[in-house]
Amino acid sequence: MFAERGLFDLLRYAVYDADDRWQLAFEFPTLPNAWNGPQGFSHPILYLYFDVGPGGSTAAHEEGKAAQVAFSPDRPWDYFVKVAGWPAYGRHLWTATGEGPFLVEVASDPRRGRIIVTVPKDLIPEIRGGHYVLVGSQDGYGPNHLRPIGATAGEWTGGGCPDPMWAPQIYDYLSPQGISQEALLAGYDRAGHRYAVLLPVEVEF
């Protein structure tokens, strides 16, 4: 489908306290902009879920359901952020209680393979906690702007998915240290009609 290697491989995720805002940095091996995305990149789409307070949701947000994942009942999310190269749908934040969308800032440094998301603290006052970081293939015409992954690759679809109806439709996910990403992503249950249940990474500083 795409010739470049590493388009969806997240190498590094970092969170910075920048006075009245949080800065989130995502680094990839390569970050081309073949389709001239206004925010400086074309291929990855990020679904970010933050568990930073009491309460929350374990089901995916309506704008992220196409990823076909669920979240730990012990770590429900409070905020969802969707990031892509197109500002019409790739710089938005919602709360688990149904508020939003609110706009965040999205920038990129293609030479360093870096996407930078800036979130005002009046939207997320505290960001320490559990972070779910999912990487998919952006498709402006796909469900939730996500490119589907089928059993075999096509001109505009990914391939290698063992069960397109129930397996996760993402290429990378930041799993907690010491826990297998592959095992968590393979944890869906077709017979039980249950998506794979993910765990977050802990962010402290």
# chains A, B, ... in the order shown; residues from 1 in each chain; ligands from 1

$ residues_around --residues "Gly130 in chain A" --least-positions-apart "5" --cutoff "7 Å" --atoms "only C-alpha atoms" --output "list in words"
Phe50, Asp51, Val52, Pro200, Val201, Glu202 and Val203 of chain A

$ write_last_selection --atoms "C-alpha atoms" --output "tab-separated table (two decimals), in the first residue's frame"
chain	number	residue	atom	x	y	z
A	50	PHE	CA	-6.26	9.78	29.24
A	51	ASP	CA	-7.23	8.32	32.61
A	52	VAL	CA	-6.38	11.24	34.91
A	200	PRO	CA	-2.45	2.33	29.72
A	201	VAL	CA	1.11	3.47	30.28
A	202	GLU	CA	1.73	5.48	33.44
A	203	VAL	CA	2.88	9.06	33.01

$ select_by_dssp --residues "range 148-200 of chain A" --states "strand (DSSP E or B)" --output "PDB file with C-alpha atoms, in the first residue's frame"
ATOM      1  CA  ILE A 149      -7.133  -3.390   7.894  1.00  0.00           C
ATOM      2  CA  GLY A 154      -5.616  -3.747  -1.091  1.00  0.00           C
ATOM      3  CA  THR A 157      -6.622  -0.990   2.808  1.00  0.00           C
ATOM      4  CA  GLY A 158      -4.057  -2.603   5.058  1.00  0.00           C
ATOM      5  CA  ASP A 172       0.860   0.401  16.952  1.00  0.00           C
ATOM      6  CA  TYR A 173      -0.089   0.810  20.598  1.00  0.00           C
ATOM      7  CA  ASP A 189     -12.968 -12.668  21.675  1.00  0.00           C
ATOM      8  CA  ARG A 194     -15.601  -8.609  22.844  1.00  0.00           C
ATOM      9  CA  ALA A 196      -9.304  -6.489  22.995  1.00  0.00           C
ATOM     10  CA  VAL A 197      -9.019  -4.729  26.357  1.00  0.00           C
ATOM     11  CA  LEU A 198      -6.005  -2.410  26.534  1.00  0.00           C
TER      12      LEU A 198
END

$ closest_residue --among "A:Leu24, A:Leu174, A:Leu7, A:Ala18" --to "Pro110 in chain A" --atoms "only C-alpha atoms"
A:Leu7

$ closest_residue --among "A:Ala167, A:Val69, A:Val135, A:Ile127" --to "Phe8 in chain A" --atoms "only C-alpha atoms"
A:Val135

$ closest_residue --among "A:Glu4, A:Asp122, A:Glu155, A:Glu105" --to "Ala34 in chain A" --atoms "only C-alpha atoms"
A:Glu4

$ closest_residue --among "A:Trp156, A:Tyr188, A:Trp22, A:Phe41" --to "Pro87 in chain A" --atoms "only C-alpha atoms"
A:Phe41

$ residues_around --residues "His61 in chain A" --least-positions-apart "3" --cutoff "8 Å" --atoms "only C-alpha atoms" --output "ChimeraX atom specification"
/A:64-65,80,96

$ write_last_selection --atoms "C-alpha atoms" --output "PDB file, in the first residue's frame"
ATOM      1  CA  GLY A  64     -12.642   6.386  17.751  1.00  0.00           C
ATOM      2  CA  LYS A  65     -14.803   3.266  17.611  1.00  0.00           C
ATOM      3  CA  PHE A  80     -10.127  11.533  24.232  1.00  0.00           C
ATOM      4  CA  ALA A  96     -15.988  11.014  28.765  1.00  0.00           C
TER       5      ALA A  96
END
